[in-house]
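With mmCIF, C-alpha atoms inside, this is structure_2.cif:
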```cif
data_query
loop_
_atom_site.label_atom_id
_atom_site.label_comp_id
_atom_site.auth_asym_id
_atom_site.auth_seq_id
_atom_site.Cartn_x
_atom_site.Cartn_y
_atom_site.Cartn_z
CA MET A 22 125.09 4.30 -134.68
CA PRO A 23 128.56 4.48 -133.11
CA ALA A 24 130.43 7.75 -133.14
CA LYS A 25 132.94 8.18 -135.92
CA ASN A 26 136.39 7.05 -134.84
CA ALA A 27 139.18 9.62 -134.75
CA PRO A 28 141.50 9.40 -137.77
CA GLU A 29 144.80 7.67 -136.97
CA GLY A 30 146.88 10.77 -137.68
CA GLU A 31 144.84 12.74 -135.14
CA LEU A 32 145.19 9.98 -132.55
CA ASN A 33 148.94 9.75 -133.13
CA SER A 34 149.31 13.52 -132.77
CA LEU A 35 147.22 13.58 -129.59
CA ALA A 36 149.17 10.63 -128.19
CA ALA A 37 152.50 12.39 -128.78
CA ARG A 38 151.23 15.53 -127.05
CA ALA A 39 149.70 13.47 -124.22
CA ALA A 40 152.99 11.60 -123.77
CA ASP A 41 154.58 15.02 -123.20
CA ASP A 42 152.12 15.44 -120.29
CA GLU A 43 149.90 18.03 -121.98
CA PRO A 44 146.64 17.89 -119.90
CA ARG A 45 144.28 18.99 -122.69
CA ALA A 46 145.75 16.40 -125.09
CA ILE A 47 145.37 13.67 -122.46
CA GLU A 48 141.72 14.62 -122.00
CA GLN A 49 141.02 14.70 -125.75
CA LEU A 50 142.88 11.43 -126.34
CA LEU A 51 140.92 9.63 -123.65
CA ALA A 52 137.63 11.04 -125.02
CA ARG A 53 138.45 9.59 -128.46
CA VAL A 54 139.89 6.26 -127.31
CA ARG A 55 137.38 5.30 -124.61
CA PRO A 56 134.35 4.65 -126.90
CA MET A 57 136.46 2.37 -129.13
CA VAL A 58 137.78 0.50 -126.10
CA VAL A 59 134.29 0.06 -124.62
CA ARG A 60 132.94 -1.36 -127.89
CA TYR A 61 135.94 -3.67 -128.19
CA CYS A 62 135.59 -5.00 -124.63
CA ARG A 63 131.83 -5.44 -124.97
CA ALA A 64 132.30 -7.36 -128.19
CA ARG A 65 135.00 -9.62 -126.73
CA LEU A 66 133.45 -10.16 -123.28
CA GLY A 67 129.73 -9.89 -123.98
CA ARG A 68 127.13 -9.38 -121.31
CA SER A 69 127.53 -10.65 -117.78
CA GLY A 70 125.15 -13.17 -116.23
CA GLY A 71 122.72 -10.37 -115.30
CA GLY A 72 122.39 -9.26 -118.91
CA SER A 73 124.48 -6.10 -118.49
CA TYR A 74 127.90 -5.11 -119.77
CA THR A 75 129.22 -4.39 -116.26
CA SER A 76 132.34 -6.55 -116.41
CA ALA A 77 133.15 -5.48 -120.00
CA ASP A 78 132.82 -1.84 -118.97
CA ASP A 79 135.06 -2.50 -115.95
CA VAL A 80 137.70 -4.02 -118.22
CA ALA A 81 137.38 -1.05 -120.59
CA GLN A 82 138.05 1.23 -117.63
CA GLU A 83 141.14 -0.83 -116.76
CA VAL A 84 142.33 -0.52 -120.37
CA CYS A 85 141.93 3.27 -120.28
CA LEU A 86 143.86 3.45 -117.00
CA ALA A 87 146.60 1.23 -118.44
CA VAL A 88 146.83 3.44 -121.54
CA LEU A 89 147.10 6.54 -119.36
CA SER A 90 149.79 4.99 -117.18
CA ALA A 91 151.74 3.83 -120.27
CA LEU A 92 151.59 7.24 -121.98
CA PRO A 93 154.81 8.63 -120.47
CA ARG A 94 156.69 5.67 -122.01
CA TYR A 95 154.85 5.81 -125.36
CA ARG A 96 156.93 6.64 -128.42
CA ASP A 97 155.61 6.87 -131.96
CA LEU A 98 157.46 4.11 -133.80
CA GLY A 99 155.46 4.43 -137.00
CA ARG A 100 152.56 2.23 -135.91
CA PRO A 101 149.13 3.72 -135.28
CA PHE A 102 148.27 4.60 -131.70
CA SER A 103 145.13 2.45 -131.96
CA ALA A 104 147.38 -0.62 -132.36
CA PHE A 105 149.00 0.30 -129.04
CA VAL A 106 145.56 0.71 -127.42
CA PHE A 107 144.07 -2.50 -128.84
CA GLY A 108 147.21 -4.41 -127.81
CA ILE A 109 146.61 -3.35 -124.21
CA ALA A 110 142.89 -4.10 -124.57
CA ALA A 111 143.57 -7.62 -125.90
CA HIS A 112 145.77 -8.38 -122.87
CA LYS A 113 143.18 -7.03 -120.42
CA VAL A 114 140.40 -9.06 -122.08
CA THR A 115 142.54 -12.20 -121.84
CA ASP A 116 143.13 -11.46 -118.15
CA ALA A 117 139.37 -11.02 -117.64
CA HIS A 118 138.68 -14.39 -119.29
CA ARG A 119 141.24 -16.04 -117.02
CA GLY A 120 139.75 -14.35 -113.97
CA ALA A 121 136.23 -15.44 -114.90
CA VAL A 122 137.36 -19.06 -115.08
CA ARG A 123 138.99 -18.85 -111.65
CA ASP A 124 136.14 -17.11 -109.79
CA LEU A 125 132.58 -17.70 -110.92
CA SER A 126 130.99 -16.00 -107.91
CA ARG A 127 129.55 -12.52 -108.27
CA PRO A 128 128.54 -11.23 -104.84
CA VAL A 129 126.48 -8.06 -104.65
CA GLU A 130 126.74 -5.46 -101.93
CA VAL A 131 123.06 -4.62 -101.72
CA LEU A 132 120.05 -6.78 -102.39
CA PRO A 133 117.44 -4.75 -104.30
CA ASP A 134 114.21 -3.95 -102.44
CA VAL A 135 112.04 -3.96 -105.57
CA GLU A 136 111.77 -6.12 -108.63
CA ASP A 137 113.58 -4.92 -111.75
CA PRO A 138 110.87 -3.49 -114.04
CA GLY A 139 112.98 -4.36 -117.09
CA ARG A 140 113.09 -7.70 -118.76
CA GLY A 141 112.27 -10.71 -116.69
CA PRO A 142 114.41 -13.74 -115.92
CA GLU A 143 113.38 -15.55 -119.10
CA LEU A 144 114.52 -12.71 -121.38
CA ALA A 145 117.69 -12.24 -119.33
CA ALA A 146 118.47 -15.95 -119.66
CA LEU A 147 117.87 -15.84 -123.42
CA ALA A 148 120.10 -12.78 -123.82
CA SER A 149 122.81 -14.44 -121.74
CA GLU A 150 122.58 -17.62 -123.80
CA THR A 151 122.72 -15.68 -127.07
CA SER A 152 125.79 -13.81 -125.84
CA ARG A 153 127.45 -17.07 -124.78
CA GLN A 154 126.73 -18.65 -128.15
CA MET A 155 128.19 -15.62 -129.94
CA GLN A 156 131.34 -15.83 -127.79
CA ASP A 157 131.57 -19.55 -128.59
CA LEU A 158 131.24 -18.83 -132.31
CA LEU A 159 133.89 -16.11 -132.21
CA GLY A 160 136.11 -18.50 -130.25
CA THR A 161 136.11 -20.93 -133.18
CA LEU A 162 137.75 -18.37 -135.45
CA PRO A 163 141.50 -17.89 -135.79
CA THR A 164 142.72 -14.94 -133.73
CA ALA A 165 143.28 -12.69 -136.75
CA HIS A 166 139.76 -13.34 -138.05
CA ARG A 167 138.22 -12.67 -134.65
CA GLU A 168 140.18 -9.44 -134.18
CA VAL A 169 139.20 -8.18 -137.64
CA LEU A 170 135.50 -8.86 -136.98
CA VAL A 171 135.58 -7.22 -133.57
CA LEU A 172 137.38 -4.11 -134.84
CA ARG A 173 135.28 -3.79 -138.00
CA VAL A 174 131.82 -4.74 -136.70
CA ALA A 175 131.82 -3.98 -132.98
CA VAL A 176 134.28 -1.10 -132.79
CA GLY A 177 133.29 0.34 -136.15
CA LEU A 178 136.75 0.93 -137.61
CA THR A 179 137.14 1.21 -141.37
CA ALA A 180 139.13 -1.42 -143.26
CA GLU A 181 142.02 1.04 -143.44
CA GLU A 182 141.94 1.80 -139.69
CA THR A 183 141.65 -1.90 -138.86
CA GLY A 184 144.58 -2.66 -141.14
CA GLN A 185 146.70 0.01 -139.50
CA SER A 186 145.82 -1.34 -136.05
CA LEU A 187 146.64 -4.93 -136.96
CA GLY A 188 149.52 -4.34 -139.37
CA MET A 189 147.55 -5.47 -142.44
CA THR A 190 146.56 -3.83 -145.70
CA ALA A 191 142.95 -2.71 -146.12
CA GLY A 192 142.54 -5.38 -148.80
CA ALA A 193 143.81 -8.09 -146.45
CA VAL A 194 141.35 -6.87 -143.81
CA ARG A 195 138.45 -7.16 -146.26
CA VAL A 196 139.51 -10.66 -147.33
CA THR A 197 139.95 -11.77 -143.71
CA GLN A 198 136.55 -10.31 -142.80
CA HIS A 199 134.92 -12.10 -145.73
CA ARG A 200 136.51 -15.42 -144.74
CA ALA A 201 135.55 -14.97 -141.08
CA LEU A 202 131.93 -14.21 -141.95
CA ALA A 203 131.81 -17.17 -144.36
CA ARG A 204 133.15 -19.44 -141.60
CA LEU A 205 130.49 -18.17 -139.18
CA ARG A 206 127.77 -18.70 -141.80
CA ASP A 207 128.95 -22.30 -142.23
CA LEU A 208 128.90 -22.85 -138.46
CA ILE A 209 125.43 -21.37 -138.05
CA GLY A 210 124.02 -23.52 -140.83
CA PRO A 211 120.81 -25.48 -140.17
CA GLY A 212 121.03 -27.52 -136.98
CA ARG A 213 124.69 -26.72 -136.31
CA LEU A 214 124.45 -23.93 -133.72
CA GLY A 215 124.08 -26.44 -130.88
CA GLU A 216 127.23 -28.29 -132.01
CA VAL A 217 129.33 -25.13 -131.64
CA SER A 218 128.34 -24.56 -128.02
CA ALA A 219 128.64 -28.23 -127.03
#
```
Before we go any further, please render this structure as structure tokens.
Amino acid sequence: MPAKNAPEGELNSLAARAADDEPRAIEQLLARVRPMVVRYCRARLGRSGGGSYTSADDVAQEVCLAVLSALPRYRDLGRPFSAFVFGIAAHKVTDAHRGAVRDLSRPVEVLPDVEDPGRGPELAALASETSRQMQDLLGTLPTAHREVLVLRVAVGLTAEETGQSLGMTAGAVRVTQHRALARLRDLIGPGRLGEVSA
């Protein structure tokens, strides 16, 4: 079960103090933001070819660094701080998708001496395929629907927190989530999963 997300008021307060270069506030802010960013990146990028979240975790780290470097310029303009964070995260995820299309090689520095005792190649391939199919399904949704699902399901935000992050009411978030899930159910109907990935 994911950790409870920090209330928006607390994040906004921490962000204001962190923007004033208060070291303890920066540390606390990063501790609260990082788990949300990791879940968001993992949900948007999925597992890498090896069945791990390495690239998603790398992107999450880049997001955290970008947030930290943007803090001195951050000003509370009445929007929740999470909207600021997820805006940066969305751009970094888009950059990662572009980068993956350009360079499909993944060299490793060291070749392992022993076989991985975890899942074998068949299970890794199945997990990779499932992740790819899920990304394909999410890719069929309008951006707003996809963002609502990722923030609600993967990140674990409440409807109110999601609404604040996306500039929507909690009711609009619930309706959008319902429509997105209904669309996915239609796509996953009998015999249609293969059509989505084709």
Handout entry: Among the residues A:Pro101, A:Val88, A:Arg94, A:Pro56, the one that comes closest to Asn33 in chain A [using all atoms listed in the file]
Key =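 The closest residue to Asn33 in chain A is A:Pro101.
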Practice task
Return the single residue from A:Leu208, A:Leu35, A:Val59, A:Gly188 that is closest to Ala175 in chain A, with distances computed using only C-alpha atoms.
Solution key: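 Among the listed residues, A:Val59 lies closest to Ala175 in chain A.
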Residues near Val80 in chain A, anyone? I mean within 9 Å using all atoms listed in the file, not counting same-chain ones fewer than 5 positions away, as an mmCIF file with C-alpha atoms, in the frame of the given file.
```
data_model
loop_
_atom_site.group_PDB
_atom_site.id
_atom_site.type_symbol
_atom_site.label_atom_id
_atom_site.label_comp_id
_atom_site.auth_asym_id
_atom_site.auth_seq_id
_atom_site.Cartn_x
_atom_site.Cartn_y
_atom_site.Cartn_z
ATOM 1 C CA VAL A 59 134.290 0.060 -124.620
ATOM 2 C CA CYS A 62 135.590 -5.000 -124.630
ATOM 3 C CA THR A 75 129.220 -4.390 -116.260
ATOM 4 C CA CYS A 85 141.930 3.270 -120.280
ATOM 5 C CA ALA A 110 142.890 -4.100 -124.570
ATOM 6 C CA LYS A 113 143.180 -7.030 -120.420
ATOM 7 C CA VAL A 114 140.400 -9.060 -122.080
ATOM 8 C CA ALA A 117 139.370 -11.020 -117.640
#
```
Exercise for the section: Translate the PyMOL selection byres ((chain A and resi 30) around 12), as applied to the file shown, into an explicit residue set as a PyMOL selection string. Expected result: chain A and resi 26-29+31-37+97+99-103+182+185
Practice task
In Å, rounded to a single decimal, give me how far CA of Val176 in chain A is from CA of Leu89 in chain A.
Solution key: 20.1 Å
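A straight line drawn from CA of Asp116 in chain A to CA of Arg53 in chain A is 23.9 Å long.
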Exercise for the section: Could you jot down the CA of Ala104 in chain A to CA of Leu187 in chain A separation for me, Å, one decimal place? Expected result: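 Atom-to-atom, CA of Ala104 in chain A to CA of Leu187 in chain A, that is 6.3 Å.
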Exercise for the section: For Ala77 in chain A, please output as a VMD selection string all residues within 7 Å (counting all atoms listed in the file; exclusion window: fewer than 3 positions along the same chain). Expected result: chain A and resid 62 to 63 66 to 67 74 80 to 81
